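Accompanying notes for the structure given below.
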Amino acid sequence: MRLELTGRHVRITATLQRLVDERLEKLDRLLHDRAVSLQVVLCVDKSRPRAEMTLHARGEHFFHATGNGNNFEIALNQALGRINQQARKLKGKWEDGKRRGVSAAKVAPIAPVAPRLERAAVAGRTKAKGDGTAREPRVVRVRSRAAKPMTIEDAAAELGDGNDAVIVFRNSTNDAVTVLFRRSDGNLGLIEPEA
């Protein structure tokens, strides 16, 4: 974690530097490598020490806290307590996401949507839990992107880097819209339109 310590109307001494370093060890253990940077501003307002902290965590999460006290130790403890509380809340959300796995809203269905005439047959096959009434399958739109022209190798490299399971692209060799997807066995499947 990168630390930026600034003093406004305060001279940063080795004692203050050591005090900040000691207080940050607990925060560093809590967030591990997910903390990107921390900015600490120490200042004196009307003869009262004040500490302002801004923490940047991975995933563009920013936490801000201020603390006031009779000395800088109390002000730092107060600000760091608030930052720790925010960091624990974020870490809980991260851990809940890991426990649940990938949510259904993030995974796009691969099967095409049935036309209106066939929907009754599809709805008849899909039963709701417990009550025996039919329900239609839900289509969840994840995101839309323009089909970029690229080769199959480029698409495989882009699919390998991200968390996506499917990539739609325009094949640069024959200018056809092509779909590359990750199969359940770990290999990649390719769908090309018939010429």
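Convention: chains lettered A, B, ... in structure tokens order; per-chain residue numbering from 1; ligands numbered from 1 as shown.
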| request: Compile the contact shell of Ala51 (chain A) as a ChimeraX atom specification: residues with an atom at most 10 Å away, counting only C-alpha atoms, same-chain residues fewer than 2 positions apart removed. | output: /A:6-7,40-44,49,53,65-69,71-80
Output N, CA and C atoms for every residue in the selection just made, as a PDB file, in the first residue's frame.
```
ATOM      1  N   THR A   6       0.905  13.943   4.675  1.00  0.00           N
ATOM      2  CA  THR A   6       1.032  15.379   4.448  1.00  0.00           C
ATOM      3  C   THR A   6       0.739  16.112   5.750  1.00  0.00           C
ATOM      4  N   GLY A   7       1.465  17.178   5.990  1.00  0.00           N
ATOM      5  CA  GLY A   7       1.218  18.008   7.162  1.00  0.00           C
ATOM      6  C   GLY A   7       0.859  19.420   6.742  1.00  0.00           C
ATOM      7  N   VAL A  40      -2.932  10.518   4.161  1.00  0.00           N
ATOM      8  CA  VAL A  40      -3.173  11.005   5.516  1.00  0.00           C
ATOM      9  C   VAL A  40      -2.743  12.465   5.556  1.00  0.00           C
ATOM     10  N   VAL A  41      -3.651  13.320   5.988  1.00  0.00           N
ATOM     11  CA  VAL A  41      -3.362  14.745   6.127  1.00  0.00           C
ATOM     12  C   VAL A  41      -3.511  15.092   7.597  1.00  0.00           C
ATOM     13  N   LEU A  42      -2.436  15.574   8.182  1.00  0.00           N
ATOM     14  CA  LEU A  42      -2.453  16.012   9.576  1.00  0.00           C
ATOM     15  C   LEU A  42      -2.430  17.535   9.587  1.00  0.00           C
ATOM     16  N   CYS A  43      -3.329  18.138  10.331  1.00  0.00           N
ATOM     17  CA  CYS A  43      -3.378  19.594  10.389  1.00  0.00           C
ATOM     18  C   CYS A  43      -3.842  20.019  11.784  1.00  0.00           C
ATOM     19  N   VAL A  44      -3.714  21.310  12.037  1.00  0.00           N
ATOM     20  CA  VAL A  44      -4.139  21.875  13.309  1.00  0.00           C
ATOM     21  C   VAL A  44      -5.164  22.956  13.005  1.00  0.00           C
ATOM     22  N   PRO A  49      -5.629  19.261  17.008  1.00  0.00           N
ATOM     23  CA  PRO A  49      -5.114  18.378  15.960  1.00  0.00           C
ATOM     24  C   PRO A  49      -6.250  17.642  15.241  1.00  0.00           C
ATOM     25  N   MET A  53      -8.160  11.072   6.482  1.00  0.00           N
ATOM     26  CA  MET A  53      -7.638   9.910   5.778  1.00  0.00           C
ATOM     27  C   MET A  53      -8.534   9.590   4.597  1.00  0.00           C
ATOM     28  N   ALA A  65     -12.372   9.545   6.065  1.00  0.00           N
ATOM     29  CA  ALA A  65     -12.715   9.727   7.474  1.00  0.00           C
ATOM     30  C   ALA A  65     -11.864  10.844   8.058  1.00  0.00           C
ATOM     31  N   THR A  66     -12.412  11.522   9.058  1.00  0.00           N
ATOM     32  CA  THR A  66     -11.663  12.551   9.783  1.00  0.00           C
ATOM     33  C   THR A  66     -11.760  12.242  11.274  1.00  0.00           C
ATOM     34  N   GLY A  67     -10.758  12.690  11.979  1.00  0.00           N
ATOM     35  CA  GLY A  67     -10.743  12.519  13.418  1.00  0.00           C
ATOM     36  C   GLY A  67     -10.176  13.747  14.091  1.00  0.00           C
ATOM     37  N   ASN A  68     -10.743  14.143  15.211  1.00  0.00           N
ATOM     38  CA  ASN A  68     -10.282  15.292  15.993  1.00  0.00           C
ATOM     39  C   ASN A  68      -9.942  14.809  17.393  1.00  0.00           C
ATOM     40  N   GLY A  69      -9.021  15.494  18.026  1.00  0.00           N
ATOM     41  CA  GLY A  69      -8.676  15.116  19.386  1.00  0.00           C
ATOM     42  C   GLY A  69      -7.755  16.128  20.034  1.00  0.00           C
ATOM     43  N   ASN A  71      -4.676  15.372  20.849  1.00  0.00           N
ATOM     44  CA  ASN A  71      -3.359  15.165  20.252  1.00  0.00           C
ATOM     45  C   ASN A  71      -3.534  14.334  18.982  1.00  0.00           C
ATOM     46  N   PHE A  72      -2.430  14.183  18.246  1.00  0.00           N
ATOM     47  CA  PHE A  72      -2.534  13.488  16.962  1.00  0.00           C
ATOM     48  C   PHE A  72      -2.820  12.001  17.132  1.00  0.00           C
ATOM     49  N   GLU A  73      -2.419  11.417  18.228  1.00  0.00           N
ATOM     50  CA  GLU A  73      -2.683   9.996  18.449  1.00  0.00           C
ATOM     51  C   GLU A  73      -4.188   9.737  18.536  1.00  0.00           C
ATOM     52  N   ILE A  74      -4.897  10.573  19.273  1.00  0.00           N
ATOM     53  CA  ILE A  74      -6.349  10.422  19.398  1.00  0.00           C
ATOM     54  C   ILE A  74      -7.030  10.691  18.058  1.00  0.00           C
ATOM     55  N   ALA A  75      -6.588  11.718  17.349  1.00  0.00           N
ATOM     56  CA  ALA A  75      -7.178  12.052  16.051  1.00  0.00           C
ATOM     57  C   ALA A  75      -6.952  10.923  15.045  1.00  0.00           C
ATOM     58  N   LEU A  76      -5.741  10.340  15.024  1.00  0.00           N
ATOM     59  CA  LEU A  76      -5.454   9.231  14.121  1.00  0.00           C
ATOM     60  C   LEU A  76      -6.283   7.998  14.470  1.00  0.00           C
ATOM     61  N   ASN A  77      -6.396   7.691  15.751  1.00  0.00           N
ATOM     62  CA  ASN A  77      -7.185   6.534  16.163  1.00  0.00           C
ATOM     63  C   ASN A  77      -8.654   6.677  15.763  1.00  0.00           C
ATOM     64  N   GLN A  78      -9.183   7.880  15.925  1.00  0.00           N
ATOM     65  CA  GLN A  78     -10.580   8.127  15.585  1.00  0.00           C
ATOM     66  C   GLN A  78     -10.804   7.974  14.073  1.00  0.00           C
ATOM     67  N   ALA A  79      -9.939   8.579  13.268  1.00  0.00           N
ATOM     68  CA  ALA A  79     -10.082   8.483  11.810  1.00  0.00           C
ATOM     69  C   ALA A  79      -9.861   7.052  11.336  1.00  0.00           C
ATOM     70  N   LEU A  80      -8.874   6.386  11.897  1.00  0.00           N
ATOM     71  CA  LEU A  80      -8.580   5.026  11.480  1.00  0.00           C
ATOM     72  C   LEU A  80      -9.683   4.052  11.898  1.00  0.00           C
TER      73      LEU A  80
END
```
Residues at most 12 Å from region 147-152 of chain A, counting only C-alpha atoms, excluding those fewer than 4 positions away in the same chain, as a count of residues only? 24
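The spacing separating CA of His9 (chain A) from CA of Val36 (chain A) amounts to 26.8 Å.
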Computed gap from CA of Val20 (chain A) to CA of Leu5 (chain A) is 8.6 Å
In Å and to one decimal, CA of Gly92 (chain A) is distant from CA of Asp21 (chain A) by 24.6 Å
Q. Could you write out, as number ranges by chain, all the residues of region 4-113 of chain A that DSSP marks as alpha helix (DSSP H)?
A. A: 14-31, 72-100
